[in-house]
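entry.txt (compact mmCIF, C-alpha atoms) appears below.
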# COMPACT_ATOMS: atom_id res chain seq x y z
CA PHE A 1 0.00 0.00 0.00
CA PHE A 2 1.12 3.57 -0.60
CA PHE A 3 0.52 6.95 0.98
CA GLN A 4 0.19 10.08 -1.13
CA ALA A 5 1.64 13.28 0.31
CA GLU A 6 -0.97 15.97 0.81
CA ASP A 7 0.94 18.55 -1.23
CA GLY A 8 2.49 16.02 -3.58
CA ILE A 9 5.98 17.21 -2.63
CA ARG A 10 8.69 15.29 -0.86
CA ASP A 11 11.76 16.82 0.73
CA ALA A 12 14.64 15.36 -1.22
CA GLN A 13 17.13 15.92 1.59
CA GLU A 14 15.11 14.68 4.54
CA SER A 15 13.18 11.88 2.90
CA ARG A 16 14.64 8.39 3.05
CA GLY A 17 11.51 6.52 2.05
CA LEU A 18 7.97 5.81 3.07
CA GLY A 19 8.49 5.76 6.82
CA ASP A 20 10.40 9.06 7.16
CA VAL A 21 7.86 11.14 5.27
CA TYR A 22 4.74 9.94 7.02
CA LYS A 23 5.85 8.68 10.41
CA ARG A 24 4.28 11.62 12.25
CA GLN A 25 0.98 11.62 10.35
CA ILE A 26 0.37 7.99 9.55
CA LEU A 27 -2.22 7.29 12.23
CA LYS A 28 -4.45 10.12 11.03
CA ASP A 29 -5.39 8.13 7.95
CA PRO A 30 -8.24 5.64 8.59
CA LYS A 31 -6.91 3.56 5.72
CA VAL A 32 -3.72 3.02 7.69
CA VAL A 33 -5.73 1.81 10.67
CA ASP A 34 -7.49 -0.66 8.39
CA VAL A 35 -4.19 -1.84 6.91
CA TYR A 36 -2.59 -2.58 10.29
CA THR A 37 -5.77 -4.15 11.60
CA ASP A 38 -5.65 -6.49 8.61
CA ILE A 39 -1.96 -7.16 9.27
CA GLY A 40 -2.96 -8.26 12.75
CA ARG A 41 -5.22 -10.90 11.26
CA VAL A 42 -2.34 -12.09 9.08
CA LEU A 43 0.02 -12.32 12.05
CA LYS A 44 -2.57 -14.21 14.09
CA ASN A 45 -2.44 -17.05 11.56
CA TYR A 46 1.17 -16.58 10.42
CA VAL A 47 3.25 -19.73 10.07
CA SER A 48 6.07 -18.86 7.67
CA GLY A 49 7.01 -16.64 4.78
CA LYS A 50 7.58 -12.93 4.34
CA LEU A 51 6.05 -10.44 6.73
CA PRO A 52 3.71 -7.81 5.22
CA ARG A 53 5.65 -4.90 3.75
CA ALA A 54 3.75 -2.31 5.79
CA PHE A 55 4.72 -4.15 8.96
CA LYS A 56 8.41 -3.87 8.16
CA VAL A 57 8.34 -0.05 8.36
CA VAL A 58 6.95 -0.05 11.92
CA PRO A 59 10.36 0.33 13.68
CA ILE A 60 11.09 3.65 11.91
CA MET A 61 7.77 5.22 12.88
CA ASP A 62 7.43 7.63 15.80
CA ASP A 63 4.12 5.97 16.63
CA TRP A 64 5.48 2.44 16.36
CA GLU A 65 3.82 1.34 19.62
CA LYS A 66 0.40 2.49 18.44
CA LEU A 67 0.85 0.80 15.09
CA LEU A 68 1.80 -2.45 16.82
CA SER A 69 -1.22 -2.18 19.09
CA LEU A 70 -3.46 -2.07 16.01
CA THR A 71 -2.15 -5.52 15.05
CA LYS A 72 -3.12 -6.97 18.48
CA PRO A 73 0.24 -8.55 19.45
CA GLU A 74 -1.47 -10.61 22.16
CA GLU A 75 -3.05 -12.63 19.33
CA TRP A 76 0.07 -13.13 17.19
CA SER A 77 1.10 -16.69 16.49
CA PRO A 78 4.39 -17.83 18.11
CA GLN A 79 5.98 -17.84 14.67
CA ALA A 80 4.91 -14.23 14.10
CA MET A 81 6.26 -13.22 17.51
CA HIS A 82 9.63 -14.74 16.64
CA GLU A 83 9.88 -12.96 13.30
CA ALA A 84 8.61 -9.67 14.73
CA THR A 85 11.08 -9.80 17.61
CA LYS A 86 13.96 -10.48 15.27
CA MET A 87 13.00 -7.55 13.05
CA ILE A 88 12.02 -5.01 15.68
CA VAL A 89 14.74 -5.52 18.29
CA SER A 90 17.46 -5.34 15.66
CA SER A 91 16.01 -2.05 14.37
CA LEU A 92 15.11 -0.18 17.56
CA ASN A 93 17.49 1.37 20.08
CA ALA A 94 17.95 -0.20 23.51
CA TYR A 95 15.28 1.91 25.22
CA LYS A 96 12.59 1.17 22.63
CA SER A 97 13.64 -2.47 22.46
CA LYS A 98 13.10 -2.72 26.20
CA ILE A 99 9.55 -1.44 25.74
CA PHE A 100 8.82 -4.03 23.04
CA ILE A 101 10.38 -6.85 25.05
CA GLU A 102 8.56 -5.97 28.27
CA LYS A 103 5.15 -5.02 26.87
CA ILE A 104 4.81 -7.48 24.00
CA LEU A 105 7.28 -10.39 24.17
CA LEU A 106 7.24 -11.03 27.93
CA PRO A 107 3.43 -11.27 28.26
CA ALA A 108 3.35 -13.76 25.38
CA VAL A 109 6.08 -15.85 27.01
CA LYS A 110 4.40 -15.83 30.43
CA LYS A 111 1.00 -16.70 28.96
CA ASP A 112 2.42 -19.63 27.01
CA ILE A 113 4.27 -21.01 30.04
CA GLN A 114 1.18 -20.68 32.23
CA SER A 115 -1.02 -22.39 29.62
CA HIS A 116 1.27 -25.27 28.62
CA LYS A 117 3.78 -25.57 31.49
CA LYS A 118 6.49 -25.21 28.89
CA LEU A 119 7.48 -22.65 26.28
CA ASN A 120 6.72 -22.84 22.57
CA PHE A 121 9.82 -23.43 20.43
CA HIS A 122 9.31 -20.20 18.46
CA LEU A 123 8.84 -18.09 21.58
CA TYR A 124 11.97 -19.62 23.07
CA PHE A 125 13.96 -18.51 20.04
CA ALA A 126 12.26 -15.12 20.17
CA LEU A 127 13.77 -14.72 23.64
CA LYS A 128 17.18 -15.61 22.23
CA LYS A 129 16.80 -13.13 19.37
CA ALA A 130 15.75 -10.41 21.82
CA PHE A 131 19.09 -10.87 23.61
CA PHE A 132 20.61 -8.96 20.69
CA LYS A 133 20.05 -5.98 23.00
CA ALA A 134 21.32 -7.50 26.26
CA SER A 135 20.62 -4.55 28.55
CA ALA A 136 17.10 -4.22 27.13
CA TRP A 137 16.58 -7.96 27.65
CA PHE A 138 17.40 -7.79 31.35
CA LYS A 139 15.32 -4.65 31.86
CA GLY A 140 12.43 -6.04 29.84
CA ILE A 141 12.47 -9.68 30.97
CA ILE A 142 14.34 -10.40 34.21
CA PHE A 143 13.62 -7.31 36.29
CA PRO A 144 9.87 -7.18 35.53
CA LEU A 145 9.58 -10.90 36.21
CA LEU A 146 11.23 -10.58 39.60
CA LYS A 147 9.23 -7.48 40.46
CA ASP A 148 5.88 -9.13 39.69
CA GLY A 149 6.82 -12.54 41.05
CA CYS A 150 8.68 -15.15 39.04
CA THR A 151 7.54 -18.78 39.22
CA LEU A 152 10.09 -21.57 39.38
CA LYS A 153 8.94 -22.77 35.96
CA GLU A 154 9.52 -19.32 34.45
CA ALA A 155 12.90 -19.05 36.17
CA SER A 156 13.91 -22.46 34.85
CA ILE A 157 12.87 -21.84 31.24
CA ILE A 158 14.11 -18.27 30.93
CA GLY A 159 17.24 -19.18 32.87
CA SER A 160 17.99 -21.84 30.27
CA VAL A 161 18.00 -19.10 27.62
CA LEU A 162 20.38 -17.04 29.73
CA MET A 163 22.74 -20.01 30.07
CA LYS A 164 23.12 -20.19 26.30
CA MET A 165 23.94 -16.51 25.83
CA SER A 166 27.18 -14.58 26.18
CA ILE A 167 26.50 -11.68 28.53
CA PRO A 168 28.58 -8.52 28.01
CA MET A 169 30.81 -7.89 31.02
CA VAL A 170 29.42 -4.41 31.73
CA ASP A 171 25.84 -5.67 31.60
CA SER A 172 26.76 -8.53 33.94
CA ALA A 173 28.06 -6.11 36.56
CA VAL A 174 25.02 -3.86 36.34
CA VAL A 175 22.62 -6.80 36.52
CA LEU A 176 24.37 -8.30 39.56
CA MET A 177 24.22 -5.01 41.44
CA LYS A 178 20.54 -4.65 40.58
CA LEU A 179 19.76 -8.21 41.65
CA ALA A 180 21.67 -7.68 44.89
CA ASP A 181 19.38 -4.77 45.75
CA MET A 182 16.20 -6.76 45.11
CA THR A 183 14.13 -8.52 47.74
CA TYR A 184 15.27 -12.11 48.26
CA SER A 185 13.49 -14.66 46.08
CA ALA A 186 14.24 -18.01 44.46
CA GLY A 187 14.15 -16.35 41.06
CA ALA A 188 16.64 -13.66 42.05
CA VAL A 189 19.02 -16.28 43.42
CA SER A 190 18.68 -18.35 40.25
CA TYR A 191 19.44 -15.44 37.92
CA THR A 192 22.32 -14.28 40.12
CA HIS A 193 23.96 -17.71 39.92
CA LEU A 194 23.47 -17.76 36.14
CA THR A 195 24.99 -14.31 35.72
CA LEU A 196 28.03 -14.75 37.99
CA PRO A 197 29.90 -17.27 35.78
CA THR A 198 29.89 -14.79 32.88
CA ILE A 199 32.10 -12.34 34.73
CA TYR A 200 35.81 -12.46 34.03
CA SER A 201 37.28 -9.19 35.26
CA VAL A 202 34.52 -7.34 37.05
CA GLN A 203 35.62 -5.55 40.21
CA ILE A 204 35.74 -7.81 43.27
CA SER A 205 33.30 -5.53 45.10
CA VAL A 206 30.51 -6.28 42.64
CA VAL A 207 30.82 -10.04 43.06
CA ALA A 208 31.29 -9.72 46.80
CA VAL A 209 28.10 -7.72 47.27
CA SER A 210 26.14 -10.22 45.19
CA LEU A 211 27.44 -13.24 47.09
CA LYS A 212 26.88 -11.58 50.44
CA LYS A 213 23.23 -10.79 49.72
CA LYS A 214 22.42 -14.00 47.90
Take the structure I supplied and represent it as structure tokens, if you would.
Amino acid sequence: FFFQAEDGIRDAQESRGLGDVYKRQILKDPKVVDVYTDIGRVLKNYVSGKLPRAFKVVPIMDDWEKLLSLTKPEEWSPQAMHEATKMIVSSLNAYKSKIFIEKILLPAVKKDIQSHKKLNFHLYFALKKAFFKASAWFKGIIFPLLKDGCTLKEASIIGSVLMKMSIPMVDSAVVLMKLADMTYSAGAVSYTHLTLPTIYSVQISVVAVSLKKK
């Protein structure tokens, strides 16, 4: 689908394509609402193949959250969630990635674990793809889980993802200090033990504080 500029003129210097020109005005067009509502229906039944072209421009839009909400992410298939996570997290900055991970990916993961007592293969790999932004992953997955109450099943499954990933040293230190300040829980202890082995040259004080509190 294509949007026609109101004055028919595009700024040659500022324009870099469809998303840049219309990202601030896109939601004003009812046709756009219809398009993304239809995309939601596609993603609900998505199994494989290319994602809709209009969906691929979402990360460059100022109103990307609103556009995603039109597609009803809570109804996406696991396969769609995997592909969307791969596309969106690699395109957004760490702050925006954290929002996507916490508000869209995490609820889908928790719901699937609660419903099936295990995690769908595609959602599991969506978690791994989301780790592309490590700091956003911890802020969007681990910290919210511990704040709201993490079940042992969730800790086990998500911890298994963490075990397979290489955690940047700086992120490891920050995470350990944050976990050390949290209220004691089985989940916090589990994630602390998983994070500690990734540290190679973090200051002794960081590790000492973590061990003392956990």
Review point. Which of these, A:Lys28, A:Lys50, A:Glu154, A:Lys133, has the shortest distance to Asp63 in chain A once you count all atoms listed in the file?
Key: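 Checking each candidate against Asp63 in chain A, we get A:Lys28 as the closest.
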Practice item. With a distance cut-off of 10 Å and all atoms listed in the file, select the neighbouring residues of Ile99 in chain A, excluding the residue or stretch itself and same-chain residues fewer than 2 positions from it, and output the selection as a list in words. Key: Glu65, Val89, Leu92, Ala94, Tyr95, Lys96, Ser97, Ile101, Glu102, Lys103, Ile104, Leu105, Ala136, Trp137, Lys139 and Gly140 of chain A
Range 104-122 of chain A: axis-aligned bounding box, 4 Å on each side, centre and edge lengths in Å, one decimal, as lines of an AutoDock Vina configuration file:
center_x = 4.4
center_y = -16.5
center_z = 25.3
size_x = 18.8
size_y = 26.1
size_z = 21.8
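Using only C-alpha atoms, the protein and nucleic acid residues lying no more than 9 Å from Ser90 in chain A, apart from those fewer than 4 places from it along its own chain, are Thr85, Lys86, Ser97, Lys129, Ala130, Phe132 and Lys133 of chain A.
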Point to revise | Residue with smallest distance to Ala155 in chain A - pool A:Arg53, A:Ile142, A:Asp34, A:Gln114, counting all atoms listed in the file | key: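 The closest residue to Ala155 in chain A is A:Ile142.
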Review point. At what distance in Å, to one decimal, does CA of Met163 in chain A lie from CA of Pro144 in chain A?
Key: 19.0 Å
Review point. Do you have the CA of Leu68 in chain A-CA of Val109 in chain A distance handy?
Key: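 So the two atoms, CA of Leu68 in chain A and CA of Val109 in chain A, lie 17.4 Å apart.
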Take range 71-115 of chain A from the block and save it with N, CA and C atoms, as an mmCIF file, in the first residue's frame.
data_model
loop_
_atom_site.group_PDB
_atom_site.id
_atom_site.type_symbol
_atom_site.label_atom_id
_atom_site.label_comp_id
_atom_site.auth_asym_id
_atom_site.auth_seq_id
_atom_site.Cartn_x
_atom_site.Cartn_y
_atom_site.Cartn_z
ATOM 1 N N THR A 71 -2.274 -4.140 15.540
ATOM 2 C CA THR A 71 -2.155 -5.523 15.054
ATOM 3 C C THR A 71 -2.495 -6.552 16.127
ATOM 4 N N LYS A 72 -2.783 -6.092 17.355
ATOM 5 C CA LYS A 72 -3.125 -6.969 18.484
ATOM 6 C C LYS A 72 -2.044 -8.038 18.726
ATOM 7 N N PRO A 73 -0.877 -7.617 19.219
ATOM 8 C CA PRO A 73 0.240 -8.546 19.448
ATOM 9 C C PRO A 73 -0.111 -9.723 20.350
ATOM 10 N N GLU A 74 -1.076 -9.526 21.258
ATOM 11 C CA GLU A 74 -1.465 -10.613 22.160
ATOM 12 C C GLU A 74 -2.096 -11.784 21.411
ATOM 13 N N GLU A 75 -2.447 -11.564 20.136
ATOM 14 C CA GLU A 75 -3.045 -12.627 19.332
ATOM 15 C C GLU A 75 -2.097 -13.178 18.278
ATOM 16 N N TRP A 76 -0.876 -12.640 18.190
ATOM 17 C CA TRP A 76 0.074 -13.134 17.192
ATOM 18 C C TRP A 76 0.384 -14.605 17.430
ATOM 19 N N SER A 77 0.648 -15.306 16.353
ATOM 20 C CA SER A 77 1.103 -16.690 16.488
ATOM 21 C C SER A 77 2.532 -16.677 17.029
ATOM 22 N N PRO A 78 2.994 -17.772 17.635
ATOM 23 C CA PRO A 78 4.388 -17.830 18.114
ATOM 24 C C PRO A 78 5.395 -17.568 16.993
ATOM 25 N N GLN A 79 5.080 -18.061 15.801
ATOM 26 C CA GLN A 79 5.979 -17.840 14.669
ATOM 27 C C GLN A 79 6.073 -16.350 14.324
ATOM 28 N N ALA A 80 4.920 -15.669 14.379
ATOM 29 C CA ALA A 80 4.910 -14.232 14.099
ATOM 30 C C ALA A 80 5.683 -13.472 15.165
ATOM 31 N N MET A 81 5.534 -13.881 16.417
ATOM 32 C CA MET A 81 6.259 -13.221 17.508
ATOM 33 C C MET A 81 7.765 -13.364 17.319
ATOM 34 N N HIS A 82 8.197 -14.516 16.880
ATOM 35 C CA HIS A 82 9.629 -14.742 16.642
ATOM 36 C C HIS A 82 10.150 -13.827 15.547
ATOM 37 N N GLU A 83 9.436 -13.790 14.417
ATOM 38 C CA GLU A 83 9.881 -12.960 13.297
ATOM 39 C C GLU A 83 9.808 -11.478 13.641
ATOM 40 N N ALA A 84 8.760 -11.071 14.344
ATOM 41 C CA ALA A 84 8.608 -9.667 14.725
ATOM 42 C C ALA A 84 9.705 -9.247 15.694
ATOM 43 N N THR A 85 10.024 -10.112 16.644
ATOM 44 C CA THR A 85 11.077 -9.803 17.613
ATOM 45 C C THR A 85 12.417 -9.635 16.911
ATOM 46 N N LYS A 86 12.707 -10.539 16.015
ATOM 47 C CA LYS A 86 13.965 -10.482 15.267
ATOM 48 C C LYS A 86 14.077 -9.171 14.488
ATOM 49 N N MET A 87 12.991 -8.766 13.865
ATOM 50 C CA MET A 87 12.997 -7.555 13.052
ATOM 51 C C MET A 87 13.032 -6.294 13.909
ATOM 52 N N ILE A 88 12.191 -6.237 14.916
ATOM 53 C CA ILE A 88 12.019 -5.008 15.682
ATOM 54 C C ILE A 88 13.190 -4.732 16.618
ATOM 55 N N VAL A 89 13.650 -5.738 17.346
ATOM 56 C CA VAL A 89 14.741 -5.519 18.294
ATOM 57 C C VAL A 89 16.039 -5.144 17.581
ATOM 58 N N SER A 90 16.247 -5.683 16.400
ATOM 59 C CA SER A 90 17.463 -5.343 15.658
ATOM 60 C C SER A 90 17.401 -3.932 15.071
ATOM 61 N N SER A 91 16.193 -3.367 14.988
ATOM 62 C CA SER A 91 16.014 -2.048 14.372
ATOM 63 C C SER A 91 15.892 -0.916 15.390
ATOM 64 N N LEU A 92 15.329 -1.210 16.558
ATOM 65 C CA LEU A 92 15.112 -0.177 17.562
ATOM 66 C C LEU A 92 16.341 0.011 18.452
ATOM 67 N N ASN A 93 16.419 1.167 19.113
ATOM 68 C CA ASN A 93 17.491 1.371 20.080
ATOM 69 C C ASN A 93 17.183 0.589 21.352
ATOM 70 N N ALA A 94 18.108 0.611 22.303
ATOM 71 C CA ALA A 94 17.953 -0.203 23.507
ATOM 72 C C ALA A 94 16.716 0.170 24.313
ATOM 73 N N TYR A 95 16.436 1.458 24.424
ATOM 74 C CA TYR A 95 15.283 1.906 25.217
ATOM 75 C C TYR A 95 13.966 1.417 24.609
ATOM 76 N N LYS A 96 13.819 1.600 23.299
ATOM 77 C CA LYS A 96 12.587 1.173 22.630
ATOM 78 C C LYS A 96 12.493 -0.353 22.584
ATOM 79 N N SER A 97 13.641 -1.007 22.450
ATOM 80 C CA SER A 97 13.642 -2.472 22.456
ATOM 81 C C SER A 97 13.148 -2.995 23.796
ATOM 82 N N LYS A 98 13.546 -2.334 24.866
ATOM 83 C CA LYS A 98 13.102 -2.716 26.199
ATOM 84 C C LYS A 98 11.579 -2.633 26.302
ATOM 85 N N ILE A 99 11.006 -1.604 25.725
ATOM 86 C CA ILE A 99 9.546 -1.444 25.743
ATOM 87 C C ILE A 99 8.880 -2.595 25.005
ATOM 88 N N PHE A 100 9.389 -2.919 23.816
ATOM 89 C CA PHE A 100 8.823 -4.030 23.042
ATOM 90 C C PHE A 100 8.948 -5.343 23.803
ATOM 91 N N ILE A 101 10.125 -5.595 24.342
ATOM 92 C CA ILE A 101 10.381 -6.850 25.045
ATOM 93 C C ILE A 101 9.471 -6.992 26.265
ATOM 94 N N GLU A 102 9.342 -5.917 27.034
ATOM 95 C CA GLU A 102 8.558 -5.974 28.269
ATOM 96 C C GLU A 102 7.050 -5.993 28.011
ATOM 97 N N LYS A 103 6.591 -5.177 27.077
ATOM 98 C CA LYS A 103 5.151 -5.017 26.868
ATOM 99 C C LYS A 103 4.537 -6.029 25.904
ATOM 100 N N ILE A 104 5.354 -6.588 25.017
ATOM 101 C CA ILE A 104 4.805 -7.484 23.999
ATOM 102 C C ILE A 104 5.361 -8.907 24.110
ATOM 103 N N LEU A 105 6.690 -9.046 24.146
ATOM 104 C CA LEU A 105 7.275 -10.391 24.174
ATOM 105 C C LEU A 105 7.063 -11.082 25.520
ATOM 106 N N LEU A 106 7.359 -10.406 26.614
ATOM 107 C CA LEU A 106 7.244 -11.028 27.935
ATOM 108 C C LEU A 106 5.830 -11.536 28.237
ATOM 109 N N PRO A 107 4.782 -10.756 28.006
ATOM 110 C CA PRO A 107 3.426 -11.272 28.262
ATOM 111 C C PRO A 107 3.114 -12.529 27.467
ATOM 112 N N ALA A 108 3.594 -12.578 26.210
ATOM 113 C CA ALA A 108 3.352 -13.761 25.376
ATOM 114 C C ALA A 108 4.072 -14.976 25.952
ATOM 115 N N VAL A 109 5.293 -14.766 26.429
ATOM 116 C CA VAL A 109 6.079 -15.850 27.014
ATOM 117 C C VAL A 109 5.410 -16.357 28.295
ATOM 118 N N LYS A 110 5.026 -15.444 29.164
ATOM 119 C CA LYS A 110 4.397 -15.830 30.430
ATOM 120 C C LYS A 110 3.076 -16.570 30.193
ATOM 121 N N LYS A 111 2.286 -16.075 29.257
ATOM 122 C CA LYS A 111 0.998 -16.697 28.958
ATOM 123 C C LYS A 111 1.190 -18.119 28.445
ATOM 124 N N ASP A 112 2.180 -18.306 27.580
ATOM 125 C CA ASP A 112 2.419 -19.631 27.013
ATOM 126 C C ASP A 112 2.900 -20.613 28.078
ATOM 127 N N ILE A 113 3.773 -20.145 28.959
ATOM 128 C CA ILE A 113 4.272 -21.008 30.038
ATOM 129 C C ILE A 113 3.132 -21.383 30.987
ATOM 130 N N GLN A 114 2.298 -20.423 31.326
ATOM 131 C CA GLN A 114 1.175 -20.681 32.226
ATOM 132 C C GLN A 114 0.170 -21.654 31.609
ATOM 133 N N SER A 115 -0.020 -21.558 30.298
ATOM 134 C CA SER A 115 -1.015 -22.393 29.618
ATOM 135 C C SER A 115 -0.533 -23.819 29.371
#
